[in-house]
Amino acid sequence: MIKIKGIAASGGIGIGAAYCVGKEEFIVPRLKITHEEISREIYRLEEALIETRREISSLQKKIGDELGFDHAKIFEAHLLVLEDRVLIEDIIQQIKSKRVNVEHAFSQSVQKYIDTLLKLDDEYLRERVIDIEDVSRRVLRKFLKKKEQPLIGEIKEKVIIVAHDLSPSDAAVLPKDNILGFITEVGGWTSHTAIIARSLGIPAVVGVVGATTSIKPEDKLIIDGIAGIVIVHPSEKTVKDYQHKVSRQEKEGKAIHVSRVLKPRTLDKKEFIIAANLELPEELSLVYDYGAQGVGLYRTEYLFLSRQDFPSEEEQYKAYSTVAKKVKPNPVIIRTMDIGGDKFLSQPQMPAEVKPFLGWRAIRFCLARPDIFKEQLRAILRASSEGNVKIMFPMISGLEELREAKKLLEDCRKELRKAGTKFDEDMDIGTMIEVPSAALMADLLARESDFFSIGTNDLIQYALAVDRGNEKVAYLYEPGHPAVLRLIKNVIDSAHANGIWVGMCGEMSGDPMFAFLLVGLELDEFSMPPPMVPRIKELIRNVSFFDARRAAIAALALPTAKDVESFLQEELRRVLKDDFERIMMPK
Amino acid sequence: MEKIEQDITVSNPHGLHVRSAGLFVQIANKYDSSVRMGRAGEEVEGKSIMELLTLGVNKGATVHLIVEGVDAEEAFRELKEYLEKGND
């Protein structure tokens, strides 16, 4: 039995067999070639190396931006493997002397090195074989014209996924019904895997150093997403203890079932709305299971990821109208694609950027590519004929962008009217507030919007200039920072002054401590991953608006995030009394 | 043409693993001089990350560094400093 500690990223317990991602096997054919074919094989080698080089460079940029420069350094070494003169000479020599095809020569040469490395005394150095294999797989894929993804997606039994890291594209193809847990080597609480896991209600432990080397396929595992622990080959007693915990979890699940029909209403009868964030139409059942009142954020970009082309208007229409139909009579807020940033398309039109979070993403990309954007707008408009669809534009930084987006929407309306296609003429148009400039000029944006939704993840990152994926500075990512709270208050007050409602779809609204504060600031709608809904509902039902209001006003006068947090904790302990532990503690 | 060779004790925290071997190669590539590294009877090309890895240089190992060429002096100094001090 081995216990490995990681970062608790999504609560819950999973017991099952390991499914290791990234151990892709290749069948490399050995073919005889003629003397004339030698130069062709050498050309294929060069071509594959250049393509792989390009792939690694863009991955390096991506990881660097997401997880910090440190994580990206390893790719420098990967690139050096591709340029290794000794290796390349050896491959060419084999092609010439043995008259074999390039993929065979390549895998033979690399294997020679791997065999030598595996014989080394030093365990740490031995484990580095993984890097050589990683590069080698990339090159082999080029020869064999194999796509990189999906490695997962064909899982037929219930497993715990063990991977170095999961990209947003990996996550998009996950067969969630068969996943008992996620274990990744990199990442933190706000990494993509963590967010996906929480939204799917699947336990996850991230930042587990050496997970892919110390865990082998089929290994029996226990993943404890609350303690952030992974147990490999657990003893029978440990398994029993955990099974006991699981059955207790299930009991709590039944309590959730009861709370489903209850309204999020404070003790003094002020009502709020709790909606769910949705990434994949497959998660729709969760919206209902956890008792969310509709979808506060439907992230459409997942339709666009892990594919080479753009989904057609028809395909999009089908996805959007399916969601709208299922959520009825509750509303669904469809956010137009937020691509760029940490979500990269496989399409060649998307160039790699040095600072993607400040770059060509979301509405900026859409306005630059009206051909692509209008397909989505038409699809959303057509789905709006269901009557419960609202649209929302992400990353708005000023009025021009909002106006331009609305103009394109109007163009689409005209086209549809002309074609006699049905749509909702009164569909609400919302602005997502996630750029500090938008938060500061919320009064001006409110006049031209039907509603706001505050995206706190990005708002905090931009307001505090903190890359939340960078472990070195992640401690500065503080939702309770006075600057963040002031921005939020300004957005809510400006919205109400202009007679529009305001929601929040960032992680902050799913945190009970901040939810209390937000009740006090009179946020109208809270949108969060479905599994978090019952707890926030429970919180709202156990506090009074009066107490929350007073606490919020006092909290906004405090000088640091730490002061704000400890003050809110204290207030909640006082207000919730015996219910405090139950509502605040479980993750 | 100048040739410098010397035994050096490696004090990089993990010896020459993938990343540190990569940095070594990057330094070596800046120079025209040829670089070779020997250990326990083996001698390999110092500008090849794959070859360097096969030496299995762990922390505290002694390697024989051979630099030969027009800029050998400078190259040797920088490579030696890297192996002795390390920077990761």
# chains A, B, ... in the order shown; residues from 1 in each chain; ligands from 1

$ closest_atom_pairs --of "chain A" --to "chain B" --cutoff "7 Å" --atoms "only C-alpha atoms" --output "CSV"
residue,atom,partner,partner_atom,distance
A:Ile74,CA,B:Arg19,CA,5.6
A:Ala77,CA,B:Gly22,CA,4.7
A:Leu80,CA,B:Gly22,CA,6.6
A:Val81,CA,B:Ile49,CA,6.3
A:Asp84,CA,B:Ser48,CA,5.3
A:Arg85,CA,B:Ser48,CA,6.6
A:Val86,CA,B:Ser48,CA,6.2
A:Tyr113,CA,B:Thr54,CA,6.9
A:Thr116,CA,B:Thr54,CA,6.1
A:Leu117,CA,B:Thr54,CA,5.6
A:Leu120,CA,B:Gly56,CA,6.0
A:Asp122,CA,B:Asn58,CA,6.8
A:Leu125,CA,B:His17,CA,5.7
A:Arg128,CA,B:Val18,CA,6.5

$ select_by_dssp --residues "region 44-81 of chain B" --states "helix (DSSP H, G or I)" --output "PyMOL selection string"
chain B and resi 49-54+72-81

$ write_last_selection --atoms "N, CA and C atoms" --output "PDB file, in the first residue's frame"
ATOM      1  N   ILE B  49      21.907  15.286 -26.673  1.00  0.00           N
ATOM      2  CA  ILE B  49      21.190  15.048 -25.404  1.00  0.00           C
ATOM      3  C   ILE B  49      20.994  13.549 -25.161  1.00  0.00           C
ATOM      4  N   MET B  50      20.727  12.806 -26.226  1.00  0.00           N
ATOM      5  CA  MET B  50      20.485  11.369 -26.075  1.00  0.00           C
ATOM      6  C   MET B  50      21.741  10.668 -25.571  1.00  0.00           C
ATOM      7  N   GLU B  51      22.883  11.032 -26.162  1.00  0.00           N
ATOM      8  CA  GLU B  51      24.137  10.403 -25.767  1.00  0.00           C
ATOM      9  C   GLU B  51      24.474  10.747 -24.317  1.00  0.00           C
ATOM     10  N   LEU B  52      24.290  12.005 -23.968  1.00  0.00           N
ATOM     11  CA  LEU B  52      24.605  12.429 -22.607  1.00  0.00           C
ATOM     12  C   LEU B  52      23.791  11.654 -21.587  1.00  0.00           C
ATOM     13  N   LEU B  53      22.520  11.457 -21.907  1.00  0.00           N
ATOM     14  CA  LEU B  53      21.636  10.755 -20.967  1.00  0.00           C
ATOM     15  C   LEU B  53      22.123   9.335 -20.697  1.00  0.00           C
ATOM     16  N   THR B  54      22.667   8.700 -21.744  1.00  0.00           N
ATOM     17  CA  THR B  54      23.071   7.303 -21.579  1.00  0.00           C
ATOM     18  C   THR B  54      24.240   7.159 -20.603  1.00  0.00           C
ATOM     19  N   ALA B  72      37.641  27.012 -27.419  1.00  0.00           N
ATOM     20  CA  ALA B  72      37.632  25.973 -26.385  1.00  0.00           C
ATOM     21  C   ALA B  72      37.693  26.539 -24.968  1.00  0.00           C
ATOM     22  N   GLU B  73      38.521  27.555 -24.792  1.00  0.00           N
ATOM     23  CA  GLU B  73      38.731  28.064 -23.448  1.00  0.00           C
ATOM     24  C   GLU B  73      37.432  28.568 -22.835  1.00  0.00           C
ATOM     25  N   GLU B  74      36.777  29.387 -23.597  1.00  0.00           N
ATOM     26  CA  GLU B  74      35.530  29.971 -23.094  1.00  0.00           C
ATOM     27  C   GLU B  74      34.452  28.895 -22.909  1.00  0.00           C
ATOM     28  N   ALA B  75      34.348  28.021 -23.907  1.00  0.00           N
ATOM     29  CA  ALA B  75      33.345  26.956 -23.842  1.00  0.00           C
ATOM     30  C   ALA B  75      33.592  26.080 -22.625  1.00  0.00           C
ATOM     31  N   PHE B  76      34.832  25.727 -22.407  1.00  0.00           N
ATOM     32  CA  PHE B  76      35.169  24.861 -21.287  1.00  0.00           C
ATOM     33  C   PHE B  76      34.783  25.523 -19.968  1.00  0.00           C
ATOM     34  N   ARG B  77      35.109  26.804 -19.864  1.00  0.00           N
ATOM     35  CA  ARG B  77      34.820  27.522 -18.623  1.00  0.00           C
ATOM     36  C   ARG B  77      33.314  27.501 -18.320  1.00  0.00           C
ATOM     37  N   GLU B  78      32.518  27.794 -19.339  1.00  0.00           N
ATOM     38  CA  GLU B  78      31.075  27.877 -19.093  1.00  0.00           C
ATOM     39  C   GLU B  78      30.465  26.507 -18.787  1.00  0.00           C
ATOM     40  N   LEU B  79      30.921  25.488 -19.529  1.00  0.00           N
ATOM     41  CA  LEU B  79      30.369  24.145 -19.299  1.00  0.00           C
ATOM     42  C   LEU B  79      30.767  23.617 -17.921  1.00  0.00           C
ATOM     43  N   LYS B  80      31.997  23.881 -17.556  1.00  0.00           N
ATOM     44  CA  LYS B  80      32.485  23.434 -16.250  1.00  0.00           C
ATOM     45  C   LYS B  80      31.680  24.107 -15.139  1.00  0.00           C
ATOM     46  N   GLU B  81      31.471  25.397 -15.312  1.00  0.00           N
ATOM     47  CA  GLU B  81      30.725  26.136 -14.291  1.00  0.00           C
ATOM     48  C   GLU B  81      29.314  25.573 -14.166  1.00  0.00           C
TER      49      GLU B  81
END

$ select_by_dssp --residues "region 13-227 of chain A" --states "strand (DSSP E or B)" --output "list of chain:residue names"
A:Ile13, A:Gly14, A:Ile15, A:Gly16, A:Ala17, A:Ala18, A:Tyr19, A:Cys20, A:Lys32, A:Val100, A:Val159, A:Ile160, A:Ile161, A:Val162, A:Ala163, A:Ile179, A:Leu180, A:Gly181, A:Phe182, A:Ile183, A:Thr184, A:Ala204, A:Val205, A:Val206, A:Lys220, A:Leu221, A:Ile222, A:Ile223, A:Asp224

$ write_last_selection --atoms "N, CA and C atoms" --output "PDB file, in the first residue's frame"
ATOM      1  N   ILE A  13     -15.028  10.350  -3.112  1.00  0.00           N
ATOM      2  CA  ILE A  13     -14.130   9.212  -3.011  1.00  0.00           C
ATOM      3  C   ILE A  13     -14.390   8.276  -4.169  1.00  0.00           C
ATOM      4  N   GLY A  14     -13.339   7.765  -4.746  1.00  0.00           N
ATOM      5  CA  GLY A  14     -13.481   6.784  -5.816  1.00  0.00           C
ATOM      6  C   GLY A  14     -12.628   5.577  -5.501  1.00  0.00           C
ATOM      7  N   ILE A  15     -13.175   4.384  -5.730  1.00  0.00           N
ATOM      8  CA  ILE A  15     -12.403   3.155  -5.531  1.00  0.00           C
ATOM      9  C   ILE A  15     -12.473   2.373  -6.830  1.00  0.00           C
ATOM     10  N   GLY A  16     -11.342   2.070  -7.428  1.00  0.00           N
ATOM     11  CA  GLY A  16     -11.391   1.340  -8.690  1.00  0.00           C
ATOM     12  C   GLY A  16     -10.011   1.139  -9.294  1.00  0.00           C
ATOM     13  N   ALA A  17     -10.003   0.684 -10.535  1.00  0.00           N
ATOM     14  CA  ALA A  17      -8.753   0.360 -11.213  1.00  0.00           C
ATOM     15  C   ALA A  17      -8.229   1.582 -11.967  1.00  0.00           C
ATOM     16  N   ALA A  18      -6.918   1.651 -12.086  1.00  0.00           N
ATOM     17  CA  ALA A  18      -6.274   2.763 -12.783  1.00  0.00           C
ATOM     18  C   ALA A  18      -6.415   2.607 -14.293  1.00  0.00           C
ATOM     19  N   TYR A  19      -6.666   3.726 -14.937  1.00  0.00           N
ATOM     20  CA  TYR A  19      -6.626   3.763 -16.399  1.00  0.00           C
ATOM     21  C   TYR A  19      -5.601   4.817 -16.756  1.00  0.00           C
ATOM     22  N   CYS A  20      -4.440   4.367 -17.231  1.00  0.00           N
ATOM     23  CA  CYS A  20      -3.351   5.310 -17.480  1.00  0.00           C
ATOM     24  C   CYS A  20      -3.457   5.881 -18.881  1.00  0.00           C
ATOM     25  N   LYS A  32      11.066  -3.246 -46.542  1.00  0.00           N
ATOM     26  CA  LYS A  32      12.306  -3.160 -47.310  1.00  0.00           C
ATOM     27  C   LYS A  32      12.158  -2.024 -48.321  1.00  0.00           C
ATOM     28  N   VAL A 100      15.802   0.068 -44.787  1.00  0.00           N
ATOM     29  CA  VAL A 100      14.494  -0.057 -44.137  1.00  0.00           C
ATOM     30  C   VAL A 100      13.770   1.281 -44.181  1.00  0.00           C
ATOM     31  N   VAL A 159     -13.403   3.398 -14.294  1.00  0.00           N
ATOM     32  CA  VAL A 159     -11.967   3.495 -14.014  1.00  0.00           C
ATOM     33  C   VAL A 159     -11.610   4.836 -13.361  1.00  0.00           C
ATOM     34  N   ILE A 160     -10.405   4.872 -12.829  1.00  0.00           N
ATOM     35  CA  ILE A 160      -9.836   6.135 -12.344  1.00  0.00           C
ATOM     36  C   ILE A 160      -8.759   6.557 -13.334  1.00  0.00           C
ATOM     37  N   ILE A 161      -8.929   7.741 -13.893  1.00  0.00           N
ATOM     38  CA  ILE A 161      -8.006   8.221 -14.920  1.00  0.00           C
ATOM     39  C   ILE A 161      -6.707   8.727 -14.280  1.00  0.00           C
ATOM     40  N   VAL A 162      -5.594   8.215 -14.766  1.00  0.00           N
ATOM     41  CA  VAL A 162      -4.293   8.681 -14.295  1.00  0.00           C
ATOM     42  C   VAL A 162      -3.574   9.272 -15.499  1.00  0.00           C
ATOM     43  N   ALA A 163      -3.205  10.544 -15.398  1.00  0.00           N
ATOM     44  CA  ALA A 163      -2.575  11.184 -16.544  1.00  0.00           C
ATOM     45  C   ALA A 163      -1.583  12.229 -16.087  1.00  0.00           C
ATOM     46  N   ILE A 179     -16.116   7.274 -15.282  1.00  0.00           N
ATOM     47  CA  ILE A 179     -14.945   7.781 -14.587  1.00  0.00           C
ATOM     48  C   ILE A 179     -15.211   7.942 -13.098  1.00  0.00           C
ATOM     49  N   LEU A 180     -14.391   7.261 -12.309  1.00  0.00           N
ATOM     50  CA  LEU A 180     -14.545   7.292 -10.850  1.00  0.00           C
ATOM     51  C   LEU A 180     -13.661   8.367 -10.226  1.00  0.00           C
ATOM     52  N   GLY A 181     -12.699   8.848 -10.977  1.00  0.00           N
ATOM     53  CA  GLY A 181     -11.823   9.864 -10.423  1.00  0.00           C
ATOM     54  C   GLY A 181     -10.749  10.283 -11.405  1.00  0.00           C
ATOM     55  N   PHE A 182     -10.114  11.418 -11.102  1.00  0.00           N
ATOM     56  CA  PHE A 182      -9.010  11.917 -11.924  1.00  0.00           C
ATOM     57  C   PHE A 182      -7.769  12.078 -11.064  1.00  0.00           C
ATOM     58  N   ILE A 183      -6.653  11.600 -11.567  1.00  0.00           N
ATOM     59  CA  ILE A 183      -5.381  11.864 -10.906  1.00  0.00           C
ATOM     60  C   ILE A 183      -4.449  12.444 -11.972  1.00  0.00           C
ATOM     61  N   THR A 184      -3.941  13.647 -11.732  1.00  0.00           N
ATOM     62  CA  THR A 184      -2.984  14.189 -12.690  1.00  0.00           C
ATOM     63  C   THR A 184      -1.725  14.644 -11.964  1.00  0.00           C
ATOM     64  N   ALA A 204     -11.235  14.359  -7.688  1.00  0.00           N
ATOM     65  CA  ALA A 204      -9.969  14.588  -8.392  1.00  0.00           C
ATOM     66  C   ALA A 204      -8.886  14.984  -7.414  1.00  0.00           C
ATOM     67  N   VAL A 205      -7.705  14.432  -7.634  1.00  0.00           N
ATOM     68  CA  VAL A 205      -6.513  14.864  -6.913  1.00  0.00           C
ATOM     69  C   VAL A 205      -5.496  15.233  -7.987  1.00  0.00           C
ATOM     70  N   VAL A 206      -5.010  16.479  -7.943  1.00  0.00           N
ATOM     71  CA  VAL A 206      -4.065  16.922  -8.962  1.00  0.00           C
ATOM     72  C   VAL A 206      -2.720  17.220  -8.307  1.00  0.00           C
ATOM     73  N   LYS A 220      -5.065  -1.245  -8.407  1.00  0.00           N
ATOM     74  CA  LYS A 220      -6.221  -0.875  -7.590  1.00  0.00           C
ATOM     75  C   LYS A 220      -5.902   0.437  -6.877  1.00  0.00           C
ATOM     76  N   LEU A 221      -6.849   1.367  -6.947  1.00  0.00           N
ATOM     77  CA  LEU A 221      -6.604   2.698  -6.380  1.00  0.00           C
ATOM     78  C   LEU A 221      -7.776   3.142  -5.528  1.00  0.00           C
ATOM     79  N   ILE A 222      -7.438   3.985  -4.533  1.00  0.00           N
ATOM     80  CA  ILE A 222      -8.477   4.761  -3.861  1.00  0.00           C
ATOM     81  C   ILE A 222      -8.102   6.214  -4.071  1.00  0.00           C
ATOM     82  N   ILE A 223      -9.058   7.018  -4.511  1.00  0.00           N
ATOM     83  CA  ILE A 223      -8.791   8.441  -4.643  1.00  0.00           C
ATOM     84  C   ILE A 223      -9.702   9.162  -3.654  1.00  0.00           C
ATOM     85  N   ASP A 224      -9.069   9.965  -2.805  1.00  0.00           N
ATOM     86  CA  ASP A 224      -9.811  10.724  -1.810  1.00  0.00           C
ATOM     87  C   ASP A 224      -9.680  12.199  -2.171  1.00  0.00           C
TER      88      ASP A 224
END

$ closest_residue --among "B:Lys85, B:Ile8, B:Tyr31, B:Glu42" --to "Val63 (chain B)" --atoms "only C-alpha atoms"
B:Ile8

$ closest_residue --among "A:Gly499, A:Pro531, A:Pro370, A:Pro482" --to "Lys562 (chain A)" --atoms "only C-alpha atoms"
A:Pro482

$ residues_around --residues "Lys537 (chain A)" --least-positions-apart "4" --cutoff "10 Å" --atoms "only C-alpha atoms" --output "MDAnalysis selection string"
chainID A and resid 259:260 262:266 272:274 291:292 510 512 515 526 532:533 541:542 583

$ write_last_selection --atoms "N, CA, C and O atoms" --output "compact mmCIF listing (two decimals), in the first residue's frame"
# COMPACT_ATOMS: atom_id res chain seq x y z
N SER A 259 -33.59 18.35 -1.16
CA SER A 259 -33.45 19.80 -1.25
C SER A 259 -33.72 20.33 -2.67
O SER A 259 -33.89 21.51 -2.88
N ARG A 260 -33.81 19.39 -3.62
CA ARG A 260 -33.95 19.78 -5.01
C ARG A 260 -35.14 20.70 -5.26
O ARG A 260 -35.07 21.63 -6.04
N LEU A 262 -36.65 22.61 -3.08
CA LEU A 262 -36.75 23.80 -2.24
C LEU A 262 -36.25 25.05 -2.96
O LEU A 262 -35.38 24.97 -3.82
N LYS A 263 -36.78 26.19 -2.58
CA LYS A 263 -36.38 27.44 -3.23
C LYS A 263 -35.20 28.06 -2.50
O LYS A 263 -35.13 27.99 -1.27
N PRO A 264 -34.27 28.71 -3.21
CA PRO A 264 -33.20 29.43 -2.54
C PRO A 264 -33.76 30.76 -1.99
O PRO A 264 -33.75 31.77 -2.68
N ARG A 265 -34.25 30.68 -0.76
CA ARG A 265 -34.92 31.84 -0.18
C ARG A 265 -34.34 32.05 1.22
O ARG A 265 -34.21 31.10 1.98
N THR A 266 -34.00 33.29 1.56
CA THR A 266 -33.40 33.55 2.87
C THR A 266 -34.47 33.45 3.96
O THR A 266 -35.67 33.39 3.66
N PHE A 272 -33.50 34.21 -4.34
CA PHE A 272 -32.42 34.30 -5.31
C PHE A 272 -32.59 33.18 -6.33
O PHE A 272 -33.44 32.31 -6.17
N ILE A 273 -31.77 33.23 -7.38
CA ILE A 273 -31.81 32.15 -8.36
C ILE A 273 -30.47 31.43 -8.33
O ILE A 273 -29.42 32.08 -8.30
N ILE A 274 -30.51 30.09 -8.29
CA ILE A 274 -29.27 29.34 -8.41
C ILE A 274 -29.35 28.52 -9.70
O ILE A 274 -30.22 27.66 -9.86
N GLY A 291 -30.89 20.20 -8.63
CA GLY A 291 -31.91 21.20 -8.36
C GLY A 291 -31.55 22.62 -8.79
O GLY A 291 -31.95 23.58 -8.13
N ALA A 292 -30.80 22.76 -9.87
CA ALA A 292 -30.49 24.10 -10.36
C ALA A 292 -31.68 24.65 -11.14
O ALA A 292 -32.42 23.88 -11.77
N GLY A 510 -19.97 29.83 -6.08
CA GLY A 510 -20.18 28.49 -5.56
C GLY A 510 -19.48 28.26 -4.22
O GLY A 510 -19.53 27.18 -3.67
N PRO A 512 -19.47 28.98 -0.37
CA PRO A 512 -20.50 29.44 0.58
C PRO A 512 -20.11 30.74 1.30
O PRO A 512 -20.98 31.58 1.56
N ALA A 515 -20.66 33.41 -1.18
CA ALA A 515 -22.08 33.46 -1.53
C ALA A 515 -22.84 34.29 -0.49
O ALA A 515 -23.74 35.07 -0.82
N PHE A 526 -26.99 33.15 -9.02
CA PHE A 526 -25.72 32.47 -8.75
C PHE A 526 -25.63 31.28 -9.70
O PHE A 526 -26.50 30.42 -9.68
N MET A 532 -22.39 21.90 -6.72
CA MET A 532 -22.28 22.90 -5.67
C MET A 532 -23.62 23.54 -5.33
O MET A 532 -23.74 24.27 -4.34
N VAL A 533 -24.59 23.32 -6.18
CA VAL A 533 -25.89 23.99 -6.01
C VAL A 533 -26.53 23.71 -4.64
O VAL A 533 -26.92 24.65 -3.95
N ARG A 541 -30.73 29.43 2.46
CA ARG A 541 -31.92 29.14 3.26
C ARG A 541 -31.70 29.27 4.77
O ARG A 541 -32.63 29.29 5.53
N ASN A 542 -30.42 29.35 5.15
CA ASN A 542 -30.13 29.41 6.58
C ASN A 542 -29.60 30.76 7.06
O ASN A 542 -29.15 30.89 8.19
N ILE A 583 -22.58 23.10 6.73
CA ILE A 583 -22.69 23.83 5.47
C ILE A 583 -21.33 24.29 4.95
O ILE A 583 -21.06 24.26 3.75

$ atom_distance --atom1 "CA of Ala442 (chain A)" --atom2 "CA of Ser494 (chain A)"
5.9 Å

$ atom_distance --atom1 "CA of Val543 (chain A)" --atom2 "CA of Gly506 (chain A)"
21.8 Å
